[in-house]
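Pasted below: model-v4.pdb, PDB, C-alpha atoms.
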ATOM      1  CA  MET I  29      22.631 -81.847-161.447
ATOM      2  CA  LYS I  30      20.321 -84.568-162.805
ATOM      3  CA  VAL I  31      16.566 -84.403-162.155
ATOM      4  CA  GLY I  32      14.086 -87.210-162.799
ATOM      5  CA  VAL I  33      10.441 -86.485-163.570
ATOM      6  CA  LEU I  34       7.537 -88.942-163.616
ATOM      7  CA  THR I  35       3.755 -89.128-163.516
ATOM      8  CA  SER I  36       2.102 -91.627-161.184
ATOM      9  CA  GLY I  37      -1.379 -92.942-160.449
ATOM     10  CA  GLY I  38      -4.355 -91.820-162.522
ATOM     11  CA  ASP I  39      -3.655 -89.554-165.471
ATOM     12  CA  SER I  40      -5.029 -86.023-165.397
ATOM     13  CA  PRO I  41      -5.239 -83.333-168.089
ATOM     14  CA  GLY I  42      -2.393 -80.866-167.623
ATOM     15  CA  MET I  43       0.262 -83.415-166.673
ATOM     16  CA  ASN I  44       1.967 -82.817-170.020
ATOM     17  CA  ALA I  45       2.045 -79.080-169.390
ATOM     18  CA  ALA I  46       3.727 -79.747-166.041
ATOM     19  CA  ILE I  47       6.282 -82.089-167.650
ATOM     20  CA  ARG I  48       7.014 -79.444-170.280
ATOM     21  CA  ALA I  49       7.617 -76.790-167.632
ATOM     22  CA  VAL I  50       9.900 -79.067-165.587
ATOM     23  CA  VAL I  51      11.961 -80.009-168.646
ATOM     24  CA  ARG I  52      12.343 -76.571-170.199
ATOM     25  CA  VAL I  53      12.790 -74.549-167.014
ATOM     26  CA  GLY I  54      15.205 -77.185-165.767
ATOM     27  CA  ILE I  55      17.308 -77.109-168.947
ATOM     28  CA  TYR I  56      17.204 -73.302-168.967
ATOM     29  CA  ASN I  57      18.781 -73.396-165.509
ATOM     30  CA  GLY I  58      21.508 -75.800-166.531
ATOM     31  CA  LEU I  59      19.971 -79.032-165.177
ATOM     32  CA  GLU I  60      19.919 -82.425-166.874
ATOM     33  CA  ILE I  61      16.366 -83.786-167.037
ATOM     34  CA  VAL I  62      15.492 -87.469-167.271
ATOM     35  CA  GLY I  63      11.972 -88.697-167.917
ATOM     36  CA  ILE I  64      10.860 -91.877-166.133
ATOM     37  CA  LEU I  65       8.291 -93.914-168.054
ATOM     38  CA  GLY I  66       5.435 -95.811-166.410
ATOM     39  CA  GLY I  67       5.310 -94.046-163.043
ATOM     40  CA  LEU I  68       7.064 -95.361-159.946
ATOM     41  CA  GLN I  69       7.347 -98.820-161.488
ATOM     42  CA  GLY I  70       9.420 -97.179-164.190
ATOM     43  CA  ILE I  71      12.181 -96.547-161.644
ATOM     44  CA  LEU I  72      12.252-100.210-160.699
ATOM     45  CA  ASP I  73      12.264-101.225-164.375
ATOM     46  CA  ARG I  74      14.954 -98.638-165.241
ATOM     47  CA  ARG I  75      12.778 -97.010-167.900
ATOM     48  CA  PHE I  76      14.750 -93.763-168.129
ATOM     49  CA  LYS I  77      14.671 -91.363-171.053
ATOM     50  CA  GLU I  78      16.902 -88.329-171.624
ATOM     51  CA  MET I  79      14.774 -85.231-172.165
ATOM     52  CA  ASP I  80      15.674 -82.140-174.167
ATOM     53  CA  ALA I  81      13.729 -79.005-175.035
ATOM     54  CA  ARG I  82      12.343 -80.543-178.229
ATOM     55  CA  SER I  83      11.146 -83.716-176.465
ATOM     56  CA  VAL I  84       8.302 -81.704-174.912
ATOM     57  CA  ALA I  85       7.376 -79.709-178.008
ATOM     58  CA  ASN I  86       3.697 -79.601-178.964
ATOM     59  CA  ILE I  87       2.403 -81.339-175.824
ATOM     60  CA  ILE I  88       1.011 -78.472-173.712
ATOM     61  CA  HIS I  89      -2.458 -78.941-175.226
ATOM     62  CA  ARG I  90      -2.580 -82.738-174.956
ATOM     63  CA  GLY I  91      -4.348 -84.755-172.278
ATOM     64  CA  GLY I  92      -2.890 -87.842-170.622
ATOM     65  CA  THR I  93       0.868 -88.025-170.071
ATOM     66  CA  ILE I  94       3.670 -88.576-172.560
ATOM     67  CA  LEU I  95       5.666 -90.333-169.824
ATOM     68  CA  THR I  96       2.805 -92.811-169.286
ATOM     69  CA  THR I  97       1.704 -93.719-165.788
ATOM     70  CA  GLY I  98       0.651 -96.587-163.561
ATOM     71  CA  ARG I  99       0.504 -97.975-160.056
ATOM     72  CA  SER I 100       3.232-100.165-158.572
ATOM     73  CA  ARG I 101       2.617-102.914-156.025
ATOM     74  CA  GLU I 102       6.337-103.526-155.780
ATOM     75  CA  PHE I 103       7.029 -99.930-154.781
ATOM     76  CA  ARG I 104       4.598-100.260-151.859
ATOM     77  CA  THR I 105       6.963-102.707-150.194
ATOM     78  CA  GLU I 106      10.082-101.720-148.256
ATOM     79  CA  GLU I 107      12.139-103.908-150.578
ATOM     80  CA  GLY I 108      10.782-102.038-153.576
ATOM     81  CA  GLN I 109      11.508 -98.662-152.010
ATOM     82  CA  LYS I 110      15.079 -99.664-151.192
ATOM     83  CA  LYS I 111      15.534-100.998-154.718
ATOM     84  CA  ALA I 112      14.232 -97.709-156.176
ATOM     85  CA  ALA I 113      16.628 -95.724-153.990
ATOM     86  CA  LEU I 114      19.592 -97.804-155.175
ATOM     87  CA  ILE I 115      18.598 -97.450-158.831
ATOM     88  CA  LEU I 116      18.143 -93.673-158.579
ATOM     89  CA  SER I 117      21.561 -93.357-156.982
ATOM     90  CA  ASP I 118      23.098 -95.684-159.571
ATOM     91  CA  GLU I 119      21.620 -93.553-162.361
ATOM     92  CA  GLY I 120      23.144 -90.445-160.797
ATOM     93  CA  ILE I 121      19.779 -88.781-160.226
ATOM     94  CA  ASP I 122      19.958 -86.018-157.625
ATOM     95  CA  ALA I 123      16.290 -85.022-157.434
ATOM     96  CA  LEU I 124      12.914 -86.535-158.296
ATOM     97  CA  ILE I 125       9.813 -84.568-159.278
ATOM     98  CA  ALA I 126       6.649 -86.708-159.196
ATOM     99  CA  ILE I 127       3.245 -85.586-160.471
ATOM    100  CA  GLY I 128       0.268 -87.418-158.978
ATOM    101  CA  GLY I 129      -2.265 -87.672-156.171
ATOM    102  CA  ASN I 130      -2.291 -88.768-152.539
ATOM    103  CA  GLY I 131      -0.734 -92.141-153.284
ATOM    104  CA  THR I 132       2.160 -90.517-155.086
ATOM    105  CA  MET I 133       2.829 -88.122-152.207
ATOM    106  CA  HIS I 134       2.760 -91.018-149.762
ATOM    107  CA  ALA I 135       5.187 -92.980-151.941
ATOM    108  CA  LEU I 136       7.632 -90.063-151.971
ATOM    109  CA  THR I 137       7.702 -89.969-148.172
ATOM    110  CA  LYS I 138       8.551 -93.672-148.145
ATOM    111  CA  LEU I 139      11.320 -93.169-150.691
ATOM    112  CA  GLN I 140      12.854 -90.455-148.521
ATOM    113  CA  GLN I 141      13.634 -93.025-145.847
ATOM    114  CA  PHE I 142      16.109 -94.782-148.122
ATOM    115  CA  TRP I 143      17.281 -92.141-150.603
ATOM    116  CA  SER I 144      19.207 -88.931-149.954
ATOM    117  CA  GLY I 145      18.056 -87.186-153.143
ATOM    118  CA  HIS I 146      15.591 -84.318-153.223
ATOM    119  CA  VAL I 147      11.897 -85.219-153.662
ATOM    120  CA  ILE I 148       9.277 -82.740-154.862
ATOM    121  CA  GLY I 149       5.597 -83.518-155.500
ATOM    122  CA  LEU I 150       3.121 -81.830-157.825
ATOM    123  CA  PRO I 151      -0.636 -82.402-157.282
ATOM    124  CA  GLY I 152      -1.996 -84.090-160.402
ATOM    125  CA  THR I 153      -5.445 -85.644-159.899
ATOM    126  CA  ILE I 154      -8.911 -84.817-161.155
ATOM    127  CA  ASP I 155     -10.381 -85.591-157.705
ATOM    128  CA  ASN I 156      -8.896 -82.399-156.213
ATOM    129  CA  ASP I 157      -8.473 -84.139-152.861
ATOM    130  CA  VAL I 158      -4.823 -83.333-152.113
ATOM    131  CA  TYR I 159      -4.268 -81.079-149.111
ATOM    132  CA  GLY I 160      -1.986 -78.104-149.773
ATOM    133  CA  THR I 161      -3.469 -76.619-152.938
ATOM    134  CA  ASP I 162      -6.779 -75.017-153.885
ATOM    135  CA  TYR I 163      -6.934 -76.973-157.108
ATOM    136  CA  SER I 164      -4.988 -79.931-158.454
ATOM    137  CA  ILE I 165      -3.828 -80.326-162.040
ATOM    138  CA  GLY I 166      -6.676 -81.804-164.103
ATOM    139  CA  PHE I 167      -9.586 -80.864-161.850
ATOM    140  CA  ASP I 168     -10.799 -77.922-163.916
ATOM    141  CA  THR I 169     -10.737 -79.945-167.133
ATOM    142  CA  ALA I 170     -12.606 -82.851-165.542
ATOM    143  CA  VAL I 171     -15.306 -80.504-164.252
ATOM    144  CA  ASN I 172     -15.670 -78.884-167.663
ATOM    145  CA  ASN I 173     -15.851 -82.290-169.355
ATOM    146  CA  ALA I 174     -18.646 -83.310-166.994
ATOM    147  CA  ILE I 175     -20.494 -80.004-167.432
ATOM    148  CA  ASP I 176     -20.385 -80.443-171.195
ATOM    149  CA  ALA I 177     -21.864 -83.951-170.890
ATOM    150  CA  VAL I 178     -24.621 -82.850-168.496
ATOM    151  CA  ASP I 179     -25.533 -79.913-170.736
ATOM    152  CA  LYS I 180     -26.030 -82.370-173.597
ATOM    153  CA  MET I 181     -28.222 -84.609-171.433
ATOM    154  CA  ARG I 182     -30.338 -81.597-170.549
ATOM    155  CA  ASP I 183     -32.002 -81.670-173.981
ATOM    156  CA  THR I 184     -33.418 -85.168-173.413
ATOM    157  CA  ALA I 185     -34.212 -84.535-169.755
ATOM    158  CA  GLN I 186     -36.134 -81.398-170.632
ATOM    159  CA  SER I 187     -37.923 -82.991-173.578
ATOM    160  CA  PHE I 188     -39.280 -85.824-171.420
ATOM    161  CA  ASP I 189     -39.378 -84.055-168.013
ATOM    162  CA  ARG I 190     -37.227 -86.853-166.638
ATOM    163  CA  ILE I 191     -35.255 -87.317-163.459
ATOM    164  CA  PHE I 192     -31.598 -87.944-164.235
ATOM    165  CA  LEU I 193     -28.895 -89.163-161.846
ATOM    166  CA  VAL I 194     -25.443 -88.331-163.174
ATOM    167  CA  GLU I 195     -22.509 -90.124-161.550
ATOM    168  CA  VAL I 196     -19.121 -88.401-161.575
ATOM    169  CA  MET I 197     -15.749 -89.530-160.234
ATOM    170  CA  GLY I 198     -14.805 -89.036-156.607
ATOM    171  CA  ARG I 199     -14.451 -92.050-154.332
ATOM    172  CA  GLU I 200     -13.471 -90.001-151.288
ATOM    173  CA  SER I 201     -13.966 -86.436-152.487
ATOM    174  CA  GLY I 202     -17.077 -84.681-153.727
ATOM    175  CA  SER I 203     -15.279 -81.755-155.362
ATOM    176  CA  ILE I 204     -16.191 -82.709-158.939
ATOM    177  CA  ALA I 205     -19.808 -83.432-158.002
ATOM    178  CA  LEU I 206     -20.118 -80.146-156.105
ATOM    179  CA  HIS I 207     -18.762 -77.955-158.887
ATOM    180  CA  VAL I 208     -20.648 -79.784-161.630
ATOM    181  CA  GLY I 209     -23.882 -79.732-159.645
ATOM    182  CA  ILE I 210     -23.781 -76.014-158.945
ATOM    183  CA  ALA I 211     -22.685 -75.161-162.493
ATOM    184  CA  CYS I 212     -25.458 -77.278-164.054
ATOM    185  CA  GLY I 213     -28.296 -76.305-161.720
ATOM    186  CA  ALA I 214     -28.724 -79.676-160.020
ATOM    187  CA  GLU I 215     -31.575 -80.257-157.575
ATOM    188  CA  ALA I 216     -29.343 -82.383-155.349
ATOM    189  CA  ILE I 217     -25.636 -83.101-154.981
ATOM    190  CA  LEU I 218     -24.572 -86.290-153.203
ATOM    191  CA  VAL I 219     -21.018 -86.278-151.859
ATOM    192  CA  PRO I 220     -19.028 -88.456-149.414
ATOM    193  CA  GLU I 221     -18.339 -85.495-147.098
ATOM    194  CA  THR I 222     -21.967 -84.998-146.057
ATOM    195  CA  PRO I 223     -24.760 -87.407-145.009
ATOM    196  CA  THR I 224     -27.277 -88.261-147.723
ATOM    197  CA  ASP I 225     -31.000 -88.282-146.890
ATOM    198  CA  LEU I 226     -32.756 -89.800-149.895
ATOM    199  CA  ARG I 227     -36.227 -89.344-148.385
ATOM    200  CA  TYR I 228     -35.623 -85.632-147.932
ATOM    201  CA  ILE I 229     -34.378 -85.298-151.515
ATOM    202  CA  ALA I 230     -37.338 -87.270-152.853
ATOM    203  CA  ASP I 231     -39.752 -85.112-150.887
ATOM    204  CA  ARG I 232     -38.239 -81.948-152.403
ATOM    205  CA  ILE I 233     -38.528 -83.428-155.899
ATOM    206  CA  VAL I 234     -42.188 -84.407-155.401
ATOM    207  CA  LYS I 235     -43.043 -80.959-154.043
ATOM    208  CA  GLY I 236     -41.195 -79.368-156.944
ATOM    209  CA  ARG I 237     -43.211 -81.453-159.398
ATOM    210  CA  ARG I 238     -46.421 -80.193-157.792
ATOM    211  CA  ARG I 239     -45.225 -76.618-158.308
ATOM    212  CA  GLY I 240     -44.732 -77.340-161.995
ATOM    213  CA  LYS I 241     -41.035 -78.142-161.946
ATOM    214  CA  GLY I 242     -39.973 -80.102-165.017
ATOM    215  CA  PHE I 243     -36.798 -82.150-165.440
ATOM    216  CA  VAL I 244     -34.527 -82.895-162.495
ATOM    217  CA  PHE I 245     -30.764 -83.435-162.273
ATOM    218  CA  ILE I 246     -29.085 -85.146-159.321
ATOM    219  CA  VAL I 247     -25.270 -85.273-159.356
ATOM    220  CA  VAL I 248     -23.753 -88.209-157.471
ATOM    221  CA  ALA I 249     -20.112 -88.653-156.475
ATOM    222  CA  GLU I 250     -19.224 -92.323-156.972
ATOM    223  CA  GLY I 251     -18.127 -92.641-153.335
ATOM    224  CA  ASP I 252     -21.308 -91.366-151.698
ATOM    225  CA  GLU I 253     -22.289 -93.440-148.660
ATOM    226  CA  ALA I 254     -25.783 -94.050-150.067
ATOM    227  CA  GLY I 255     -24.250 -95.960-152.974
ATOM    228  CA  ASN I 256     -23.473 -95.313-156.606
ATOM    229  CA  ALA I 257     -25.940 -93.748-159.036
ATOM    230  CA  VAL I 258     -27.398 -97.095-160.143
ATOM    231  CA  ALA I 259     -28.161 -98.187-156.578
ATOM    232  CA  ILE I 260     -29.514 -94.784-155.607
ATOM    233  CA  SER I 261     -31.731 -94.585-158.699
ATOM    234  CA  LYS I 262     -33.595 -97.740-157.623
ATOM    235  CA  LYS I 263     -34.306 -96.267-154.192
ATOM    236  CA  MET I 264     -35.228 -92.853-155.608
ATOM    237  CA  SER I 265     -37.581 -94.360-158.199
ATOM    238  CA  GLU I 266     -39.580 -95.979-155.386
ATOM    239  CA  LEU I 267     -39.580 -92.832-153.253
ATOM    240  CA  VAL I 268     -40.709 -90.403-155.990
ATOM    241  CA  GLY I 269     -42.975 -92.850-157.808
ATOM    242  CA  GLU I 270     -41.369 -92.530-161.232
ATOM    243  CA  ASN I 271     -38.441 -94.022-163.089
ATOM    244  CA  CYS I 272     -35.097 -92.290-162.520
ATOM    245  CA  ARG I 273     -32.596 -92.480-165.363
ATOM    246  CA  VAL I 274     -28.848 -92.950-164.807
ATOM    247  CA  SER I 275     -25.765 -91.781-166.660
ATOM    248  CA  VAL I 276     -22.287 -92.756-165.422
ATOM    249  CA  LEU I 277     -19.702 -90.448-166.997
ATOM    250  CA  GLY I 278     -16.662 -92.544-166.068
ATOM    251  CA  TYR I 279     -13.312 -92.015-167.752
ATOM    252  CA  ILE I 280     -14.621 -89.383-170.159
ATOM    253  CA  GLN I 281     -13.931 -86.928-167.338
ATOM    254  CA  ARG I 282     -10.173 -87.652-167.405
ATOM    255  CA  GLY I 283      -9.672 -87.196-171.134
ATOM    256  CA  GLY I 284      -9.399 -84.378-173.605
ATOM    257  CA  ASN I 285      -7.360 -81.227-173.955
ATOM    258  CA  PRO I 286      -6.640 -79.444-170.665
ATOM    259  CA  THR I 287      -8.365 -76.121-170.055
ATOM    260  CA  ARG I 288      -6.544 -72.808-169.873
ATOM    261  CA  GLN I 289      -6.650 -72.978-166.082
ATOM    262  CA  ASP I 290      -5.051 -76.426-165.946
ATOM    263  CA  ARG I 291      -2.353 -75.521-168.467
ATOM    264  CA  ILE I 292      -1.337 -72.414-166.553
ATOM    265  CA  LEU I 293      -1.558 -74.078-163.125
ATOM    266  CA  ALA I 294       0.560 -77.015-164.303
ATOM    267  CA  THR I 295       3.109 -74.673-165.880
ATOM    268  CA  ARG I 296       3.454 -72.558-162.738
ATOM    269  CA  LEU I 297       3.787 -75.589-160.469
ATOM    270  CA  GLY I 298       6.296 -77.328-162.741
ATOM    271  CA  ALA I 299       8.469 -74.238-162.993
ATOM    272  CA  HIS I 300       8.364 -73.680-159.224
ATOM    273  CA  ALA I 301       9.323 -77.308-158.612
ATOM    274  CA  ILE I 302      12.587 -76.633-160.462
ATOM    275  CA  ARG I 303      13.143 -73.513-158.349
ATOM    276  CA  CYS I 304      12.698 -75.647-155.220
ATOM    277  CA  VAL I 305      15.284 -78.128-156.500
ATOM    278  CA  LEU I 306      17.745 -75.309-157.206
ATOM    279  CA  ASP I 307      17.152 -73.967-153.694
ATOM    280  CA  GLY I 308      17.932 -77.369-152.181
ATOM    281  CA  LYS I 309      14.425 -78.032-150.883
ATOM    282  CA  THR I 310      13.043 -81.538-150.421
ATOM    283  CA  GLY I 311      10.095 -83.400-148.905
ATOM    284  CA  ILE I 312       7.503 -80.914-150.142
ATOM    285  CA  MET I 313       4.603 -80.626-152.546
ATOM    286  CA  VAL I 314       4.200 -77.467-154.599
ATOM    287  CA  GLY I 315       0.657 -76.074-154.737
ATOM    288  CA  GLU I 316      -1.305 -72.888-155.257
ATOM    289  CA  ILE I 317      -3.512 -71.264-152.601
ATOM    290  CA  ASP I 318      -5.297 -67.942-153.172
ATOM    291  CA  GLY I 319      -3.207 -67.446-156.299
ATOM    292  CA  ARG I 320       0.093 -67.830-154.432
ATOM    293  CA  LEU I 321       2.598 -70.640-154.908
ATOM    294  CA  VAL I 322       2.987 -72.560-151.653
ATOM    295  CA  GLU I 323       5.018 -75.495-150.364
ATOM    296  CA  THR I 324       3.480 -78.125-148.093
ATOM    297  CA  ALA I 325       5.237 -80.942-146.260
ATOM    298  CA  LEU I 326       4.568 -84.187-148.139
ATOM    299  CA  GLU I 327       3.176 -85.915-145.072
ATOM    300  CA  ASP I 328       0.574 -83.178-144.603
ATOM    301  CA  THR I 329      -0.750 -83.667-148.135
ATOM    302  CA  PHE I 330      -2.232 -87.072-147.344
ATOM    303  CA  THR I 331      -2.655 -87.001-143.532
ATOM    304  CA  LYS I 332      -4.635 -83.760-143.436
ATOM    305  CA  VAL I 333      -8.144 -83.689-144.900
ATOM    306  CA  LYS I 334      -8.969 -81.262-147.659
ATOM    307  CA  GLU I 335     -12.484 -79.943-147.098
ATOM    308  CA  ILE I 336     -14.941 -79.236-149.874
ATOM    309  CA  ASP I 337     -16.382 -75.725-150.150
ATOM    310  CA  HIS I 338     -19.345 -75.955-147.768
ATOM    311  CA  ARG I 339     -20.350 -72.362-148.569
ATOM    312  CA  LEU I 340     -20.823 -73.402-152.176
ATOM    313  CA  LEU I 341     -22.779 -76.472-151.123
ATOM    314  CA  ALA I 342     -25.043 -74.302-148.930
ATOM    315  CA  LEU I 343     -26.204 -72.462-152.073
ATOM    316  CA  LEU I 344     -27.806 -75.607-153.425
ATOM    317  CA  GLU I 345     -31.059 -75.505-151.448
ATOM    318  CA  PRO I 346     -32.127 -71.926-152.279
ATOM    319  CA  LEU I 347     -31.031 -72.321-155.903
ATOM    320  CA  SER I 348     -33.022 -75.517-156.462
ATOM    321  CA  ILE I 349     -36.494 -74.359-155.384
TER     322      ILE I 349
END
Rendering of file as structure tokens:
Amino acid sequence: MKVGVLTSGGDSPGMNAAIRAVVRVGIYNGLEIVGILGGLQGILDRRFKEMDARSVANIIHRGGTILTTGRSREFRTEEGQKKAALILSDEGIDALIAIGGNGTMHALTKLQQFWSGHVIGLPGTIDNDVYGTDYSIGFDTAVNNAIDAVDKMRDTAQSFDRIFLVEVMGRESGSIALHVGIACGAEAILVPETPTDLRYIADRIVKGRRRGKGFVFIVVAEGDEAGNAVAISKKMSELVGENCRVSVLGYIQRGGNPTRQDRILATRLGAHAIRCVLDGKTGIMVGEIDGRLVETALEDTFTKVKEIDHRLLALLEPLSI
């Protein structure tokens, strides 16, 4: 049995650990593993690479993805999906394991319409916005990268008693902002899932200043409805009567060596994906909920909304007095 593995969409730390698990557990179980370079476009371009146990040596600690990744406009079309199905069949591939986010899961459901092979998804995105898993591969590393950056900014913020707005990734999900904000003691956390009242936040900051509060951190998810950190800082500066500084963390969050949690999560999910292939399963994403490996229908992963932890968000107000 021949199994293809690829990474698609944005890279996330831990993807290499997942690839390693798929390759080695697959070979251990007598499967032939083929790596597909460049994401879904790699199928259309026939960028196939035979994988053996040594091809994934010394990668578990590396960020990014050795298979490279990307987004494919061609694959979004029905013609592209049909072409991919024909190529996979022509290459003798029986199953496809794809590591990525919502877009990847959606693409797999489209491929199923034209291809009879097995399709298995693994959640690999720092945004942690895929339904069907508590955490996605790369989320923990991204949060730790952001925490490390904010902790370094704290020295300057404290020295000057400044107000800092720190923008983190998350166009539609505030998971990174929420976890970073709580872990770094932010005074406010702005996320797409909840309405943002800048006047209320400014009022709390002014009152805190009167009580002798020094520096202030506000963590902003890039997709907040009030705008990005630069736009919000202009409004906040007027409301609080002092200049608000901005730091946009950007792609630094997606880089670096994956944390222990991401390495182990990716390894467990990759190994279980092979088990699903051996069991003849298809049309599912493998995730982890409450420490248990679970399988979710691909369509549910992008049609159902994954909520942020509102109990964690509720801690913000009493903690920031």
Review point. Which residue, I:Ile148, I:Ala85, I:Leu72, I:Val258, has the smallest gap to Arg303 of chain I when you use all atoms listed in the file?
Key: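 The shortest atom-to-atom distance to Arg303 of chain I comes from I:Ile148.
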Exercise for review: Show which residues sit within 8 Å of Trp143 of chain I, as a VMD selection string. Count all atoms listed in the file, and ignore same-chain residues fewer than 3 positions away.
Suggested key: chain I and resid 110 113 to 114 117 139 to 140
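Distance-wise, atom CA of Arg48 of chain I and atom CA of Arg320 of chain I end up 20.8 Å apart.
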Write out, as a tab-separated table, each residue of segment 116-235 of chain I that has an atom at most 8 Å from segment 36-39 of chain I, together with the closest pair of atoms and their distance in Å to one decimal, counting only C-alpha atoms, rows going by chain and rising number.
residue	atom	partner	partner_atom	distance
I:Ala126	CA	I:Ser36	CA	7.0
I:Ile127	CA	I:Ser36	CA	6.2
I:Gly128	CA	I:Ser36	CA	5.1
I:Gly129	CA	I:Gly37	CA	6.8
I:Gly131	CA	I:Gly37	CA	7.2
I:Thr132	CA	I:Ser36	CA	6.2
I:Gly152	CA	I:Asp39	CA	7.6
I:Thr153	CA	I:Gly38	CA	6.8
Practice item. Excluding Glu253 of chain I and any residue of its chain fewer than 3 positions from it, enumerate the residues within 8 Å of it, using all atoms listed in the file, and give them as a VMD selection string. Key: chain I and resid 219 to 220 223 to 224
Quick one: axis-aligned box around all listed atoms of segment 87-101 of chain I, 5 Å on every side, centre and edge lengths in Å to one decimal, written as AutoDock Vina command-line options.
--center_x 0.7 --center_y -90.7 --center_z -165.9 --size_x 20.0 --size_y 34.4 --size_z 29.8
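Residues selected in this file by the PyMOL selection byres ((chain I and resi 225-232) around 10) comprise I:Glu215, I:Ala216, I:Ile217, I:Leu218, I:Thr222, I:Pro223, I:Thr224, I:Ile233, I:Val234, I:Lys235, I:Gly236, I:Arg237, I:Arg238, I:Ile246, I:Ala254, I:Ile260, I:Lys263, I:Met264, I:Ser265, I:Glu266, I:Leu267, I:Val268, I:Gly269, I:Glu345, I:Ser348, I:Ile349.
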Point to revise | Contacts of Phe142 of chain I at 12 Å (all atoms listed in the file; same-chain gap of 3+ positions) as a list in words | key: Glu106, Glu107, Gly108, Gln109, Lys110, Lys111, Ala112, Ala113, Leu114, Ile115, Leu116, Ser117, Ala135, Leu136, Thr137, Lys138, Leu139, Gly145, His146 and Val147 of chain I
**Study point:** Selection result for the PyMOL selection byres ((chain I and resi 295) around 8) on this file, as a VMD selection string
**Key:** chain I and resid 45 to 46 48 to 49 291 to 294 296 to 299
Exercise for review: Kindly give the distance, in Å, that separates atom CA of Gly278 of chain I and atom CA of Arg190 of chain I, rounded to a single decimal.
Suggested key: 21.3 Å
Study note, to complete from the structure: Judged by all atoms listed in the file, the minimum distance to Gly120 of chain I among I:Met79, I:Leu340, I:Val274, I:Val31 is found for I:Val31
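Restricting the calculation to all atoms listed in the file, the smallest distance between Asp189 of chain I and any of I:Asp155, I:Asp176, I:Asp162, I:Glu270 is found for I:Glu270.
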Practice item. Evaluate the PyMOL selection byres ((chain I and resi 52) around 9) and record the selected residues as a ChimeraX atom specification, following the chain and residue labels used in the document. Key: /I:47-51,53-57,61,80-82,84,299
Resulting file, chosen residues, C-alpha atoms, as a PDB file, keeping the file's coordinate frame:
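Heads up, here's the output in part.pdb:
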ATOM      1  CA  ILE I  47       6.282 -82.089-167.650  1.00  0.00           C
ATOM      2  CA  ARG I  48       7.014 -79.444-170.280  1.00  0.00           C
ATOM      3  CA  ALA I  49       7.617 -76.790-167.632  1.00  0.00           C
ATOM      4  CA  VAL I  50       9.900 -79.067-165.587  1.00  0.00           C
ATOM      5  CA  VAL I  51      11.961 -80.009-168.646  1.00  0.00           C
ATOM      6  CA  VAL I  53      12.790 -74.549-167.014  1.00  0.00           C
ATOM      7  CA  GLY I  54      15.205 -77.185-165.767  1.00  0.00           C
ATOM      8  CA  ILE I  55      17.308 -77.109-168.947  1.00  0.00           C
ATOM      9  CA  TYR I  56      17.204 -73.302-168.967  1.00  0.00           C
ATOM     10  CA  ASN I  57      18.781 -73.396-165.509  1.00  0.00           C
ATOM     11  CA  ILE I  61      16.366 -83.786-167.037  1.00  0.00           C
ATOM     12  CA  ASP I  80      15.674 -82.140-174.167  1.00  0.00           C
ATOM     13  CA  ALA I  81      13.729 -79.005-175.035  1.00  0.00           C
ATOM     14  CA  ARG I  82      12.343 -80.543-178.229  1.00  0.00           C
ATOM     15  CA  VAL I  84       8.302 -81.704-174.912  1.00  0.00           C
ATOM     16  CA  ALA I 299       8.469 -74.238-162.993  1.00  0.00           C
TER      17      ALA I 299
END
Exercise for review: For each of I:Thr97, I:Gln289, I:Ser201, I:Asn172, take the minimum atom-to-atom distance to Asn156 of chain I, counting only C-alpha atoms, then give the residue where this is smallest.
Suggested key: I:Ser201
Review point. When distances are computed from all atoms listed in the file, which of I:Leu277, I:Val248, I:Val194, I:Leu341 shows the smallest separation from Ile210 of chain I?
Key: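 Comparing I:Leu277, I:Val248, I:Val194, I:Leu341 against Ile210 of chain I, the winner is I:Leu341.
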Point to revise | Point (-2.7, -77.3, -147.4), cut-off 7 Å, counting all atoms listed in the file, residues as a list in words | key: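 The distance filter leaves exactly Tyr159, Gly160, Thr161, Thr324 and Thr329 of chain I.
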Exercise for review: Find the residue from I:Cys212, I:Val244, I:Ala249, I:Val322 that sits nearest to Val276 of chain I; use only C-alpha atoms when measuring.
Suggested key: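 Looking at the shortest contact to Val276 of chain I, the residue is I:Ala249.
Atom CA of Pro41 of chain I to atom CA of Asn86 of chain I spans 14.6 Å [interatomic distance, one decimal].
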**Study point:** Contact residues around Gly92 of chain I with only C-alpha atoms at 9 Å, ignoring same-chain residues under 4 positions, as a ChimeraX atom specification
**Key:** /I:39-44,96-97,282-285
